[in-house]
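Visitor: Just so it is clear, I am handing over structure-v5.txt, which has compact mmCIF, C-alpha atoms.
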# COMPACT_ATOMS: atom_id res chain seq x y z
CA MET A 1 84.88 94.39 123.98
CA LEU A 2 87.89 94.84 126.23
CA PRO A 3 87.52 94.98 130.02
CA GLU A 4 87.58 98.43 131.54
CA PHE A 5 90.85 100.09 132.48
CA GLU A 6 92.25 103.52 132.98
CA LEU A 7 94.64 104.63 130.22
CA LEU A 8 97.35 107.16 130.95
CA MET A 9 98.97 108.97 128.02
CA PRO A 10 102.34 110.43 129.08
CA ARG A 11 104.18 112.62 126.56
CA THR A 12 107.70 112.20 127.95
CA LEU A 13 109.71 109.43 129.61
CA PRO A 14 109.95 111.20 133.02
CA GLU A 15 106.18 111.61 132.96
CA ALA A 16 105.72 107.92 132.11
CA LEU A 17 108.07 106.81 134.93
CA GLU A 18 106.21 109.08 137.36
CA MET A 19 102.91 107.50 136.35
CA LEU A 20 104.27 103.93 136.61
CA ALA A 21 105.66 104.73 140.08
CA GLY A 22 102.41 106.35 141.16
CA ARG A 23 100.30 103.45 140.01
CA ALA A 24 102.56 100.50 140.90
CA PRO A 25 101.82 97.65 141.09
CA ASP A 26 98.55 98.21 139.19
CA GLY A 27 99.94 100.11 136.22
CA MET A 28 101.13 98.25 133.18
CA PRO A 29 103.05 99.67 130.23
CA ILE A 30 101.54 99.21 126.78
CA ALA A 31 103.41 99.94 123.56
CA GLY A 32 102.52 98.01 120.40
CA GLY A 33 99.79 96.16 122.27
CA THR A 34 100.28 93.00 120.25
CA ASN A 35 100.54 90.89 123.41
CA VAL A 36 98.75 93.14 125.91
CA ILE A 37 95.50 93.52 123.98
CA PRO A 38 94.97 89.81 123.21
CA ASP A 39 95.87 89.02 126.84
CA LEU A 40 93.37 91.59 128.15
CA ARG A 41 90.71 90.14 125.90
CA GLY A 42 91.61 86.61 126.89
CA GLY A 43 91.48 87.51 130.59
CA ARG A 44 95.09 86.60 131.30
CA TYR A 45 95.37 89.75 133.37
CA ARG A 46 93.19 92.68 134.40
CA PRO A 47 95.38 95.71 135.11
CA ALA A 48 93.49 98.64 136.59
CA CYS A 49 95.63 101.00 134.61
CA LEU A 50 97.65 100.98 131.38
CA VAL A 51 100.40 103.50 130.70
CA ASN A 52 100.87 104.13 126.99
CA VAL A 53 104.58 104.27 126.18
CA ALA A 54 104.25 103.99 122.39
CA GLY A 55 105.71 107.03 120.68
CA LEU A 56 107.70 108.37 123.65
CA PRO A 57 110.48 110.35 121.96
CA GLU A 58 113.20 109.16 124.39
CA LEU A 59 112.58 105.51 123.42
CA SER A 60 112.92 105.87 119.65
CA GLY A 61 115.75 104.99 117.35
CA ILE A 62 118.69 102.63 116.99
CA ARG A 63 122.15 104.10 117.46
CA GLN A 64 125.79 103.18 117.84
CA GLU A 65 127.32 104.49 121.05
CA ASP A 66 130.56 103.65 122.89
CA GLY A 67 131.07 100.29 121.23
CA MET A 68 127.42 99.35 121.72
CA LEU A 69 124.44 99.00 119.45
CA VAL A 70 121.59 100.63 121.38
CA ILE A 71 118.02 99.75 120.46
CA GLY A 72 115.53 102.17 121.97
CA GLY A 73 112.76 100.74 124.12
CA GLY A 74 110.15 101.90 121.63
CA VAL A 75 111.77 100.43 118.52
CA THR A 76 109.49 98.11 116.57
CA ILE A 77 110.41 94.81 114.98
CA ALA A 78 109.84 96.41 111.55
CA GLU A 79 112.34 99.15 112.40
CA VAL A 80 114.91 96.49 113.36
CA LEU A 81 114.37 94.87 109.95
CA GLU A 82 114.95 98.16 108.13
CA ASP A 83 117.92 99.41 110.14
CA PRO A 84 121.38 99.48 108.50
CA LEU A 85 123.24 99.26 111.85
CA VAL A 86 121.36 96.08 112.76
CA ALA A 87 122.06 94.64 109.30
CA ARG A 88 125.75 95.38 109.76
CA TYR A 89 126.37 94.46 113.40
CA ALA A 90 123.56 92.12 114.37
CA PRO A 91 122.30 90.27 111.29
CA VAL A 92 121.23 87.40 113.57
CA LEU A 93 118.71 89.76 115.19
CA ARG A 94 117.46 90.73 111.76
CA GLU A 95 116.96 87.06 110.81
CA ALA A 96 114.90 86.54 113.95
CA ALA A 97 112.89 89.74 113.37
CA ARG A 98 111.94 88.48 109.95
CA SER A 99 110.46 85.34 111.49
CA LEU A 100 108.42 87.10 114.18
CA ALA A 101 104.65 86.98 113.57
CA SER A 102 103.68 88.93 110.43
CA PRO A 103 104.40 92.34 108.89
CA LEU A 104 101.16 93.68 110.41
CA VAL A 105 102.33 92.72 113.90
CA ARG A 106 105.95 93.72 113.25
CA ASN A 107 104.83 97.29 112.51
CA ARG A 108 103.51 97.60 116.08
CA ALA A 109 105.35 95.07 118.27
CA THR A 110 108.50 96.31 119.99
CA VAL A 111 111.73 94.47 120.81
CA ALA A 112 111.38 95.60 124.43
CA GLY A 113 107.81 94.32 124.58
CA ASN A 114 108.85 90.95 123.19
CA LEU A 115 111.32 90.64 126.09
CA ALA A 116 109.03 92.13 128.76
CA ASN A 117 106.24 89.73 127.81
CA ALA A 118 108.67 86.89 128.62
CA SER A 119 107.11 84.20 126.53
CA PRO A 120 109.41 81.14 126.51
CA ALA A 121 109.11 81.32 122.70
CA ALA A 122 109.96 85.03 122.33
CA ASP A 123 111.77 85.27 118.99
CA MET A 124 113.93 88.24 120.02
CA ALA A 125 115.36 86.42 123.05
CA PRO A 126 117.74 83.84 121.50
CA PRO A 127 119.54 86.30 119.20
CA LEU A 128 119.83 88.90 121.96
CA LEU A 129 121.11 86.24 124.36
CA VAL A 130 123.91 85.17 122.01
CA LEU A 131 124.77 88.84 121.45
CA ASP A 132 125.27 89.29 125.23
CA ALA A 133 122.59 92.00 125.27
CA GLU A 134 121.74 94.03 128.34
CA VAL A 135 118.30 95.31 129.25
CA GLU A 136 118.19 98.91 130.45
CA LEU A 137 115.48 99.41 133.04
CA ALA A 138 114.50 102.89 134.14
CA SER A 139 112.37 104.07 137.01
CA ARG A 140 111.82 107.34 138.85
CA GLU A 141 114.75 106.34 141.08
CA GLY A 142 117.24 105.80 138.27
CA THR A 143 118.48 103.36 135.68
CA ARG A 144 119.95 99.88 135.97
CA ARG A 145 121.26 97.42 133.40
CA VAL A 146 120.54 93.71 133.60
CA PRO A 147 122.27 91.14 131.38
CA LEU A 148 119.53 89.46 129.36
CA LYS A 149 120.70 86.08 130.65
CA ASP A 150 119.57 87.21 134.13
CA PHE A 151 116.38 88.97 132.99
CA PHE A 152 113.92 86.09 132.69
CA LEU A 153 112.63 84.41 135.86
CA GLY A 154 109.92 82.12 134.54
CA VAL A 155 107.00 81.92 132.14
CA ARG A 156 105.90 85.55 131.75
CA ARG A 157 108.04 86.62 134.69
CA THR A 158 111.08 88.88 134.59
CA VAL A 159 113.18 90.96 136.98
CA ARG A 160 111.41 94.11 135.77
CA GLN A 161 109.56 95.71 138.68
CA PRO A 162 106.08 97.13 138.04
CA HIS A 163 107.39 100.70 138.26
CA GLU A 164 110.21 100.04 135.79
CA LEU A 165 110.24 100.43 132.04
CA ILE A 166 112.62 98.95 129.46
CA THR A 167 114.20 102.04 127.94
CA ALA A 168 116.83 100.34 125.76
CA ILE A 169 118.45 97.08 124.77
CA ARG A 170 122.22 97.40 124.58
CA ILE A 171 124.36 95.07 122.49
CA PRO A 172 128.17 95.09 122.58
CA LEU A 173 129.37 95.29 118.97
CA PRO A 174 130.59 91.80 118.11
CA PRO A 175 134.15 91.38 116.82
CA ALA A 176 134.71 91.17 113.07
CA HIS A 177 135.32 87.42 113.18
CA SER A 178 132.01 86.74 114.94
CA ARG A 179 129.38 84.70 113.11
CA ALA A 180 125.85 83.92 114.20
CA ARG A 181 122.75 82.21 112.86
CA PHE A 182 119.10 82.03 113.88
CA PHE A 183 116.79 79.11 113.16
CA LYS A 184 113.13 78.66 113.97
CA VAL A 185 110.79 75.75 113.52
CA ALA A 186 107.09 76.53 113.68
CA LEU A 187 103.94 74.96 112.32
CA ARG A 188 103.87 77.50 109.48
CA LYS A 189 106.49 79.68 107.83
CA ALA A 190 104.87 82.94 108.97
CA ASP A 191 102.58 84.27 111.68
CA ALA A 192 103.43 81.36 113.96
CA ILE A 193 104.82 80.82 117.43
CA ALA A 194 108.05 78.83 117.57
CA VAL A 195 108.05 75.12 118.37
CA VAL A 196 111.76 75.70 118.90
CA ASN A 197 113.86 78.76 118.09
CA SER A 198 117.60 78.90 118.39
CA ALA A 199 120.47 81.32 117.92
CA VAL A 200 124.09 80.24 117.76
CA ARG A 201 127.14 82.48 117.73
CA VAL A 202 130.80 81.61 117.38
CA ASP A 203 133.70 84.06 117.56
CA LEU A 204 136.64 82.44 115.81
CA GLY A 205 140.17 82.78 117.11
CA ASP A 206 143.27 83.26 114.92
CA ASN A 207 143.91 79.52 114.85
CA GLY A 208 140.37 78.81 113.58
CA SER A 209 139.10 77.47 116.90
CA CYS A 210 136.05 78.79 118.74
CA GLN A 211 137.18 81.56 121.03
CA THR A 212 133.67 82.29 122.26
CA ALA A 213 130.56 80.20 121.74
CA ARG A 214 126.98 81.16 122.53
CA ILE A 215 123.96 78.92 122.11
CA ALA A 216 120.50 80.16 123.08
CA LEU A 217 117.25 78.26 122.83
CA GLY A 218 113.61 79.23 123.00
CA ALA A 219 110.34 77.33 123.61
CA VAL A 220 112.21 74.45 125.25
CA ALA A 221 112.11 75.58 128.91
CA PRO A 222 110.08 77.98 131.10
CA THR A 223 112.31 80.81 129.86
CA PRO A 224 114.62 81.30 126.89
CA ILE A 225 117.87 79.60 127.95
CA ARG A 226 121.58 79.40 127.23
CA ALA A 227 123.04 75.93 126.62
CA TRP A 228 126.05 76.47 128.85
CA GLU A 229 127.56 72.98 128.63
CA ALA A 230 127.31 73.00 124.86
CA GLU A 231 129.05 76.38 124.73
CA ARG A 232 131.87 75.14 126.98
CA ALA A 233 132.31 72.05 124.83
CA LEU A 234 133.01 74.27 121.82
CA GLU A 235 135.22 76.95 123.32
CA GLY A 236 138.89 76.36 122.60
CA HIS A 237 138.11 73.75 119.97
CA PRO A 238 137.81 73.92 116.20
CA LEU A 239 134.45 73.33 114.53
CA THR A 240 134.58 69.73 113.33
CA PRO A 241 131.75 67.28 112.64
CA GLU A 242 132.58 65.71 116.02
CA THR A 243 132.59 68.91 118.11
CA ILE A 244 129.43 70.10 116.35
CA ALA A 245 127.62 66.83 117.02
CA GLN A 246 128.66 66.90 120.67
CA ALA A 247 127.57 70.52 121.15
CA ALA A 248 124.23 69.82 119.49
CA ARG A 249 123.68 66.81 121.78
CA LEU A 250 124.56 68.85 124.87
CA ALA A 251 122.20 71.62 123.75
CA ALA A 252 119.35 69.11 123.48
CA GLU A 253 120.24 67.87 126.99
CA ALA A 254 119.98 71.44 128.32
CA THR A 255 116.29 71.64 127.42
CA ARG A 256 113.36 71.07 129.76
CA THR A 257 110.73 70.57 127.10
CA ILE A 258 107.01 69.99 127.55
CA ASP A 259 104.23 68.58 125.37
CA ASP A 260 101.83 71.21 124.13
CA ILE A 261 99.57 72.03 121.21
CA ARG A 262 102.56 72.83 118.99
CA GLY A 263 104.74 69.81 119.62
CA SER A 264 105.78 67.04 121.95
CA ALA A 265 108.63 67.26 124.44
CA ALA A 266 110.57 64.59 122.55
CA TYR A 267 110.08 66.35 119.21
CA ARG A 268 111.31 69.64 120.67
CA ARG A 269 114.44 67.97 122.05
CA HIS A 270 115.13 66.36 118.70
CA VAL A 271 114.54 69.63 116.80
CA THR A 272 116.86 71.46 119.20
CA GLU A 273 119.70 69.10 118.35
CA VAL A 274 119.05 69.44 114.62
CA LEU A 275 118.81 73.26 114.71
CA VAL A 276 122.00 73.70 116.71
CA ARG A 277 123.86 71.28 114.45
CA ARG A 278 122.65 73.10 111.31
CA ALA A 279 123.56 76.49 112.74
CA LEU A 280 127.07 75.35 113.64
CA GLU A 281 127.51 73.67 110.26
CA GLY A 282 126.38 76.90 108.59
CA ILE A 283 128.85 78.91 110.64
CA GLY A 284 131.59 76.36 109.91
CA VAL A 285 131.16 76.46 106.12
CA GLY A 286 134.46 77.57 104.66
CA ILE A 287 136.30 76.98 107.90
CA MET A 288 136.02 73.21 108.29
CA GLU A 289 138.43 71.29 106.10
CA MET B 290 86.63 105.37 132.66
CA GLN B 291 85.76 108.66 131.03
CA PRO B 292 85.52 109.17 127.27
CA LYS B 293 88.03 111.54 125.72
CA LEU B 294 87.74 113.56 122.54
CA ILE B 295 90.28 112.35 119.99
CA THR B 296 91.02 113.32 116.40
CA LEU B 297 91.26 110.71 113.67
CA THR B 298 91.88 111.52 110.03
CA ILE B 299 90.30 108.66 108.13
CA ASN B 300 90.59 108.41 104.36
CA GLY B 301 91.40 112.10 104.24
CA ARG B 302 88.47 113.19 106.40
CA THR B 303 89.07 114.51 109.90
CA HIS B 304 86.77 113.33 112.67
CA GLN B 305 86.55 114.31 116.32
CA VAL B 306 85.08 111.53 118.36
CA ALA B 307 84.64 110.88 122.09
CA LEU B 308 85.84 107.41 122.99
CA LYS B 309 86.50 105.40 126.15
CA PRO B 310 90.06 104.14 126.70
CA ASN B 311 89.18 100.48 126.12
CA VAL B 312 87.88 101.01 122.58
CA THR B 313 90.17 99.61 119.91
CA LEU B 314 90.75 101.42 116.64
CA LEU B 315 88.89 98.56 114.92
CA HIS B 316 85.68 99.19 116.88
CA ALA B 317 86.03 102.95 116.58
CA LEU B 318 86.31 102.68 112.79
CA ARG B 319 83.40 100.29 112.39
CA ASP B 320 81.17 102.31 114.72
CA MET B 321 81.94 105.39 112.62
CA GLY B 322 80.74 103.56 109.53
CA TYR B 323 84.03 102.33 108.11
CA THR B 324 82.73 98.79 107.92
CA ASP B 325 85.14 97.83 105.13
CA VAL B 326 87.50 97.23 108.07
CA LYS B 327 86.51 93.69 109.03
CA ASN B 328 86.36 92.19 112.50
CA GLY B 329 87.84 88.71 112.31
CA CYS B 330 89.85 87.27 115.19
CA GLU B 331 90.49 90.40 117.30
CA LYS B 332 93.90 89.09 118.31
CA GLY B 333 96.19 89.97 115.45
CA ASP B 334 96.13 86.60 113.73
CA CYS B 335 93.88 87.16 110.70
CA GLY B 336 94.64 90.64 109.32
CA ALA B 337 91.04 91.29 108.24
CA CYS B 338 91.09 94.55 110.23
CA ALA B 339 94.30 95.87 108.65
CA VAL B 340 94.51 99.61 107.98
CA LEU B 341 97.35 101.98 107.15
CA LEU B 342 98.25 103.91 110.31
CA ASN B 343 100.49 106.81 109.32
CA GLY B 344 101.47 104.79 106.26
CA ARG B 345 102.21 101.50 108.01
CA ALA B 346 99.93 98.46 107.75
CA VAL B 347 98.73 97.38 111.19
CA ASN B 348 96.01 95.27 112.76
CA SER B 349 93.50 97.88 113.97
CA CYS B 350 92.24 95.38 116.57
CA LEU B 351 95.60 95.71 118.38
CA VAL B 352 95.63 99.51 118.53
CA LEU B 353 93.78 101.40 121.22
CA ALA B 354 91.89 104.27 119.62
CA TRP B 355 93.54 106.75 121.99
CA GLN B 356 96.94 105.57 120.70
CA ALA B 357 95.84 106.68 117.22
CA ASP B 358 94.87 110.20 118.37
CA GLY B 359 96.09 112.60 115.69
CA ALA B 360 96.99 109.82 113.25
CA GLU B 361 96.17 109.42 109.58
CA ILE B 362 94.31 106.22 108.83
CA THR B 363 93.60 104.74 105.42
CA THR B 364 91.21 101.84 104.95
CA ALA B 365 90.69 99.77 101.82
CA ALA B 366 87.68 101.92 100.91
CA GLY B 367 89.91 104.97 101.19
CA LEU B 368 92.08 103.57 98.41
CA GLY B 369 89.23 102.92 96.01
CA THR B 370 85.54 102.14 95.76
CA VAL B 371 83.35 99.95 93.55
CA ASP B 372 82.88 102.88 91.16
CA ARG B 373 86.50 103.95 91.21
CA PRO B 374 88.57 100.95 92.29
CA HIS B 375 92.26 101.23 93.10
CA PRO B 376 94.43 99.22 90.65
CA ILE B 377 95.13 96.73 93.47
CA GLN B 378 91.41 96.17 93.99
CA GLU B 379 90.80 95.87 90.27
CA ALA B 380 93.63 93.39 89.81
CA LEU B 381 92.45 91.22 92.71
CA ALA B 382 88.92 91.13 91.29
CA ASP B 383 90.13 90.44 87.74
CA SER B 384 92.47 87.66 88.81
CA GLY B 385 89.76 85.78 90.66
CA GLY B 386 91.56 86.42 93.93
CA VAL B 387 88.30 87.49 95.56
CA GLN B 388 86.00 84.69 96.63
CA CYS B 389 84.04 85.28 99.86
CA GLY B 390 85.84 88.62 100.05
CA PHE B 391 86.13 88.91 103.83
CA CYS B 392 89.95 89.01 103.86
CA ILE B 393 90.24 91.31 100.84
CA PRO B 394 90.16 94.75 102.53
CA GLY B 395 93.06 93.60 104.69
CA ILE B 396 94.90 92.09 101.72
CA VAL B 397 94.46 95.35 99.78
CA VAL B 398 95.96 97.31 102.67
CA SER B 399 98.93 94.93 103.00
CA ALA B 400 99.51 94.99 99.24
CA LYS B 401 99.39 98.80 99.21
CA ALA B 402 101.93 98.97 102.04
CA LEU B 403 104.19 96.57 100.15
CA LEU B 404 104.03 98.38 96.81
CA ASP B 405 104.54 101.80 98.43
CA ARG B 406 107.91 100.60 99.79
CA ASN B 407 108.88 98.10 97.14
CA PRO B 408 107.34 98.69 93.70
CA HIS B 409 108.86 95.51 92.23
CA PRO B 410 108.56 92.77 94.82
CA THR B 411 109.41 89.14 94.12
CA GLU B 412 106.78 86.46 94.62
CA GLU B 413 108.47 85.60 97.93
CA GLU B 414 108.16 89.23 99.03
CA ILE B 415 104.49 89.33 98.03
CA ARG B 416 103.81 86.18 100.04
CA GLU B 417 105.67 87.60 103.03
CA ALA B 418 103.75 90.90 102.80
CA ILE B 419 100.38 89.15 103.03
CA SER B 420 101.53 86.52 105.54
CA GLY B 421 99.51 88.22 108.28
CA ASN B 422 96.30 88.09 106.22
CA LEU B 423 94.45 84.81 106.41
CA CYS B 424 92.32 83.73 103.45
CA ARG B 425 90.34 80.54 103.90
CA CYS B 426 88.95 80.42 100.34
CA THR B 427 91.60 80.80 97.70
CA GLY B 428 94.76 79.12 98.86
CA TYR B 429 96.38 82.48 98.03
CA ALA B 430 97.48 81.54 94.50
CA LEU B 431 95.09 83.91 92.73
CA ILE B 432 95.66 86.66 95.30
CA VAL B 433 99.40 86.52 94.64
CA GLU B 434 98.64 86.41 90.91
CA GLY B 435 96.49 89.55 91.26
CA ILE B 436 99.25 91.47 92.99
CA ARG B 437 101.74 90.29 90.36
CA ARG B 438 99.46 91.68 87.63
CA ILE B 439 99.64 95.15 89.12
CA ILE B 440 103.42 95.01 89.11
CA ALA B 441 103.43 93.78 85.52
CA SER B 442 101.13 96.61 84.45
CA LYS B 443 103.20 99.12 86.48
CA ASN B 444 99.91 100.78 87.18
CA GLN B 445 100.01 101.40 90.89
Just give me the structure of the file as structure tokens.
Guide:
Amino acid sequence: MLPEFELLMPRTLPEALEMLAGRAPDGMPIAGGTNVIPDLRGGRYRPACLVNVAGLPELSGIRQEDGMLVIGGGVTIAEVLEDPLVARYAPVLREAARSLASPLVRNRATVAGNLANASPAADMAPPLLVLDAEVELASREGTRRVPLKDFFLGVRRTVRQPHELITAIRIPLPPAHSRARFFKVALRKADAIAVVNSAVRVDLGDNGSCQTARIALGAVAPTPIRAWEAERALEGHPLTPETIAQAARLAAEATRTIDDIRGSAAYRRHVTEVLVRRALEGIGVGIME
Amino acid sequence: MQPKLITLTINGRTHQVALKPNVTLLHALRDMGYTDVKNGCEKGDCGACAVLLNGRAVNSCLVLAWQADGAEITTAAGLGTVDRPHPIQEALADSGGVQCGFCIPGIVVSAKALLDRNPHPTEEEIREAISGNLCRCTGYALIVEGIRRIIASKNQ
């Protein structure tokens, strides 16, 4: 049995924002419930009030708008997997979606919820970080956009205020010569939390060198992180076995891993290096002489 | 924490039921007699409580009953019964994919959701479709075999 709480059932976004504002800081949004309900049952938190945001019409759908791919705050992981715009413009997000939990969870869990929950191992975070995604936060007072790289503050902590709701995730459409890969190591192939997850993106310049590099890592620090030094080591250089090895080493150095039930700190560091190297090698296939 | 009257259409039958906000769809269904929906882990890991919610397979333990107000729900027993089994149920029984049986209602629901969207899945796609359903008896081989038989017989 779940602990007692009040459950508010708004029918529109303005109504939901009004309720969140009225009940802050005790109100908590619930959409797919795939994190909230286990956490309520496990006693991780005891909100006095939940505000159901699943099914709000304003949060549905994935669309292309002004050079951006806009994923509504209510979009589920399953919808990401089925969407042709995501397949075309953000296949790295699709790869990650396919690795998240199981089909049963993916039919309920939302992209926004995966970010709001702020698990260090959130599978949506690394691909969205390398895609330079922004989180759109709405409240009764208005809307603001926060780059995802500035969104996470710590384990299960973000810049979202209790009266704010994630209404969209906005991704600038990557250039045609952009390539990205996602890799995840977990204790099983499916229905498992990452030991390490990683997304790597390289935009190639005309001369075949890396114009832009993005490396994001999950489950290796209190929040999903960017490996800034590794990115800088690649930018302006071609992908060669040497530059790849150096970037992978720098990515491993960017981690602040811990020992836990899923793996040791040393194993996570090692896996980080391997995953980043494999991703860069995969991206470099056909480019490297 | 007041109960509210909600409407659930379960296996084609419409019910009005007064429920408190902290009741999950899983408990609502079982309390209403739909005990083919099994209570396993209650945290979305095992899939024993899977049902079709407006055509999508979900863990009913992770849905608040109020969130399902107005929805159509199908449980394994809504697909077929002992007397009139659904081809998926028949194939799982015939293949030896049913041992203790606890996971089977959830497996049936996941298999139905798969075949509704993809009538000719590969073995990889079958395994992915049931990856949220834990079976501790069979090692999955005969369950996958059962689902493959349905595809082979094209009798969905």
Visitor: Find the residues of chain B in contact range of chain A, meaning any atom within 8 Å when counting all atoms listed in the file, and list them as a VMD selection string.
Guide: chain B and resid 290 310 to 312 331 to 334 336 339 345 to 348 351 to 352 356 399 417 to 421
Visitor: Could you list, as a tab-separated table (two decimals) with C-alpha atoms, keeping the file's coordinate frame, every residue within 6 Å of segment 223-238 of chain A, counting all atoms listed in the file and ignoring same-chain residues fewer than 5 positions away?
Guide:
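Generated output (part_35.tsv):
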chain	number	residue	atom	x	y	z
A	120	PRO	CA	109.41	81.14	126.51
A	154	GLY	CA	109.92	82.12	134.54
A	155	VAL	CA	107.00	81.92	132.14
A	209	SER	CA	139.10	77.47	116.90
A	210	CYS	CA	136.05	78.79	118.74
A	211	GLN	CA	137.18	81.56	121.03
A	212	THR	CA	133.67	82.29	122.26
A	213	ALA	CA	130.56	80.20	121.74
A	214	ARG	CA	126.98	81.16	122.53
A	215	ILE	CA	123.96	78.92	122.11
A	216	ALA	CA	120.50	80.16	123.08
A	217	LEU	CA	117.25	78.26	122.83
A	218	GLY	CA	113.61	79.23	123.00
A	247	ALA	CA	127.57	70.52	121.15
A	250	LEU	CA	124.56	68.85	124.87
A	251	ALA	CA	122.20	71.62	123.75
A	254	ALA	CA	119.98	71.44	128.32
Visitor: Could you work out how far atom CA of Arg201 of chain A lies from atom CA of Glu281 of chain A, giving the answer in Å with one decimal?
Guide: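 Between atom CA of Glu281 of chain A and atom CA of Arg201 of chain A the gap is 11.6 Å.
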Visitor: List the spatial neighbours of Thr411 of chain B as a VMD selection string - criterion: any atom at most 10 Å away, all atoms listed in the file, same-chain residues fewer than 5 positions off excluded.
Guide: chain B and resid 416 to 417 437 440
Visitor: Could you save the residues just selected, with C-alpha atoms, as a PDB file, keeping the file's coordinate frame?
Guide:
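Listing of selection00.pdb after writing:
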ATOM      1  CA  ARG B 416     103.810  86.180 100.040  1.00  0.00           C
ATOM      2  CA  GLU B 417     105.670  87.600 103.030  1.00  0.00           C
ATOM      3  CA  ARG B 437     101.740  90.290  90.360  1.00  0.00           C
ATOM      4  CA  ILE B 440     103.420  95.010  89.110  1.00  0.00           C
TER       5      ILE B 440
END
Visitor: Would you compute the distance between atom CA of Ala248 of chain A and atom CA of Val274 of chain A? Give it in Å to one decimal.
Guide: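 Computed distance, atom CA of Ala248 of chain A to atom CA of Val274 of chain A, equals 7.1 Å.
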Visitor: To one decimal place in Å, what is the distance between atom CA of Arg319 of chain B and atom CA of Ser349 of chain B?
Guide: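 Taking atom CA of Arg319 of chain B and atom CA of Ser349 of chain B, their separation equals 10.5 Å.
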Visitor: Show which residues sit within 9 Å of Asp150 of chain A, as a PDB file with C-alpha atoms, in the frame of the given file. Count all atoms listed in the file, and ignore same-chain residues fewer than 4 positions away.
Guide:
ATOM      1  CA  VAL A 146     120.540  93.710 133.600  1.00  0.00           C
ATOM      2  CA  THR A 158     111.080  88.880 134.590  1.00  0.00           C
ATOM      3  CA  VAL A 159     113.180  90.960 136.980  1.00  0.00           C
TER       4      VAL A 159
END
Visitor: May I ask you to restore N, CA and C atoms in segment 206-220 of chain A and write the result as a PDB file, in the coordinates of the input?
Guide:
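For reference, selection.pdb as written:
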ATOM      1  N   ASP A 206     142.320  83.222 116.046  1.00  0.00           N
ATOM      2  CA  ASP A 206     143.270  83.260 114.920  1.00  0.00           C
ATOM      3  C   ASP A 206     143.574  81.873 114.386  1.00  0.00           C
ATOM      4  N   ASN A 207     143.572  80.886 115.270  1.00  0.00           N
ATOM      5  CA  ASN A 207     143.910  79.520 114.850  1.00  0.00           C
ATOM      6  C   ASN A 207     142.687  78.760 114.315  1.00  0.00           C
ATOM      7  N   GLY A 208     141.560  79.467 114.136  1.00  0.00           N
ATOM      8  CA  GLY A 208     140.370  78.810 113.580  1.00  0.00           C
ATOM      9  C   GLY A 208     139.524  78.086 114.608  1.00  0.00           C
ATOM     10  N   SER A 209     139.934  78.119 115.883  1.00  0.00           N
ATOM     11  CA  SER A 209     139.100  77.470 116.900  1.00  0.00           C
ATOM     12  C   SER A 209     138.090  78.471 117.452  1.00  0.00           C
ATOM     13  N   CYS A 210     137.110  77.934 118.186  1.00  0.00           N
ATOM     14  CA  CYS A 210     136.050  78.790 118.740  1.00  0.00           C
ATOM     15  C   CYS A 210     136.572  79.489 119.980  1.00  0.00           C
ATOM     16  N   GLN A 211     136.737  80.805 119.873  1.00  0.00           N
ATOM     17  CA  GLN A 211     137.180  81.560 121.030  1.00  0.00           C
ATOM     18  C   GLN A 211     136.018  81.708 122.019  1.00  0.00           C
ATOM     19  N   THR A 212     134.888  82.103 121.465  1.00  0.00           N
ATOM     20  CA  THR A 212     133.670  82.290 122.260  1.00  0.00           C
ATOM     21  C   THR A 212     132.547  81.550 121.554  1.00  0.00           C
ATOM     22  N   ALA A 213     131.733  80.854 122.313  1.00  0.00           N
ATOM     23  CA  ALA A 213     130.560  80.200 121.740  1.00  0.00           C
ATOM     24  C   ALA A 213     129.330  80.587 122.556  1.00  0.00           C
ATOM     25  N   ARG A 214     128.245  80.847 121.871  1.00  0.00           N
ATOM     26  CA  ARG A 214     126.980  81.160 122.530  1.00  0.00           C
ATOM     27  C   ARG A 214     125.875  80.363 121.843  1.00  0.00           C
ATOM     28  N   ILE A 215     125.097  79.657 122.649  1.00  0.00           N
ATOM     29  CA  ILE A 215     123.960  78.920 122.110  1.00  0.00           C
ATOM     30  C   ILE A 215     122.749  79.264 122.964  1.00  0.00           C
ATOM     31  N   ALA A 216     121.716  79.811 122.339  1.00  0.00           N
ATOM     32  CA  ALA A 216     120.500  80.160 123.080  1.00  0.00           C
ATOM     33  C   ALA A 216     119.303  79.482 122.432  1.00  0.00           C
ATOM     34  N   LEU A 217     118.383  79.065 123.277  1.00  0.00           N
ATOM     35  CA  LEU A 217     117.250  78.260 122.830  1.00  0.00           C
ATOM     36  C   LEU A 217     115.947  78.817 123.383  1.00  0.00           C
ATOM     37  N   GLY A 218     114.917  78.777 122.557  1.00  0.00           N
ATOM     38  CA  GLY A 218     113.610  79.230 123.000  1.00  0.00           C
ATOM     39  C   GLY A 218     112.552  78.154 122.834  1.00  0.00           C
ATOM     40  N   ALA A 219     111.498  78.239 123.651  1.00  0.00           N
ATOM     41  CA  ALA A 219     110.340  77.330 123.610  1.00  0.00           C
ATOM     42  C   ALA A 219     110.690  75.909 124.066  1.00  0.00           C
ATOM     43  N   VAL A 220     111.805  75.783 124.781  1.00  0.00           N
ATOM     44  CA  VAL A 220     112.210  74.450 125.250  1.00  0.00           C
ATOM     45  C   VAL A 220     112.383  74.412 126.775  1.00  0.00           C
TER      46      VAL A 220
END
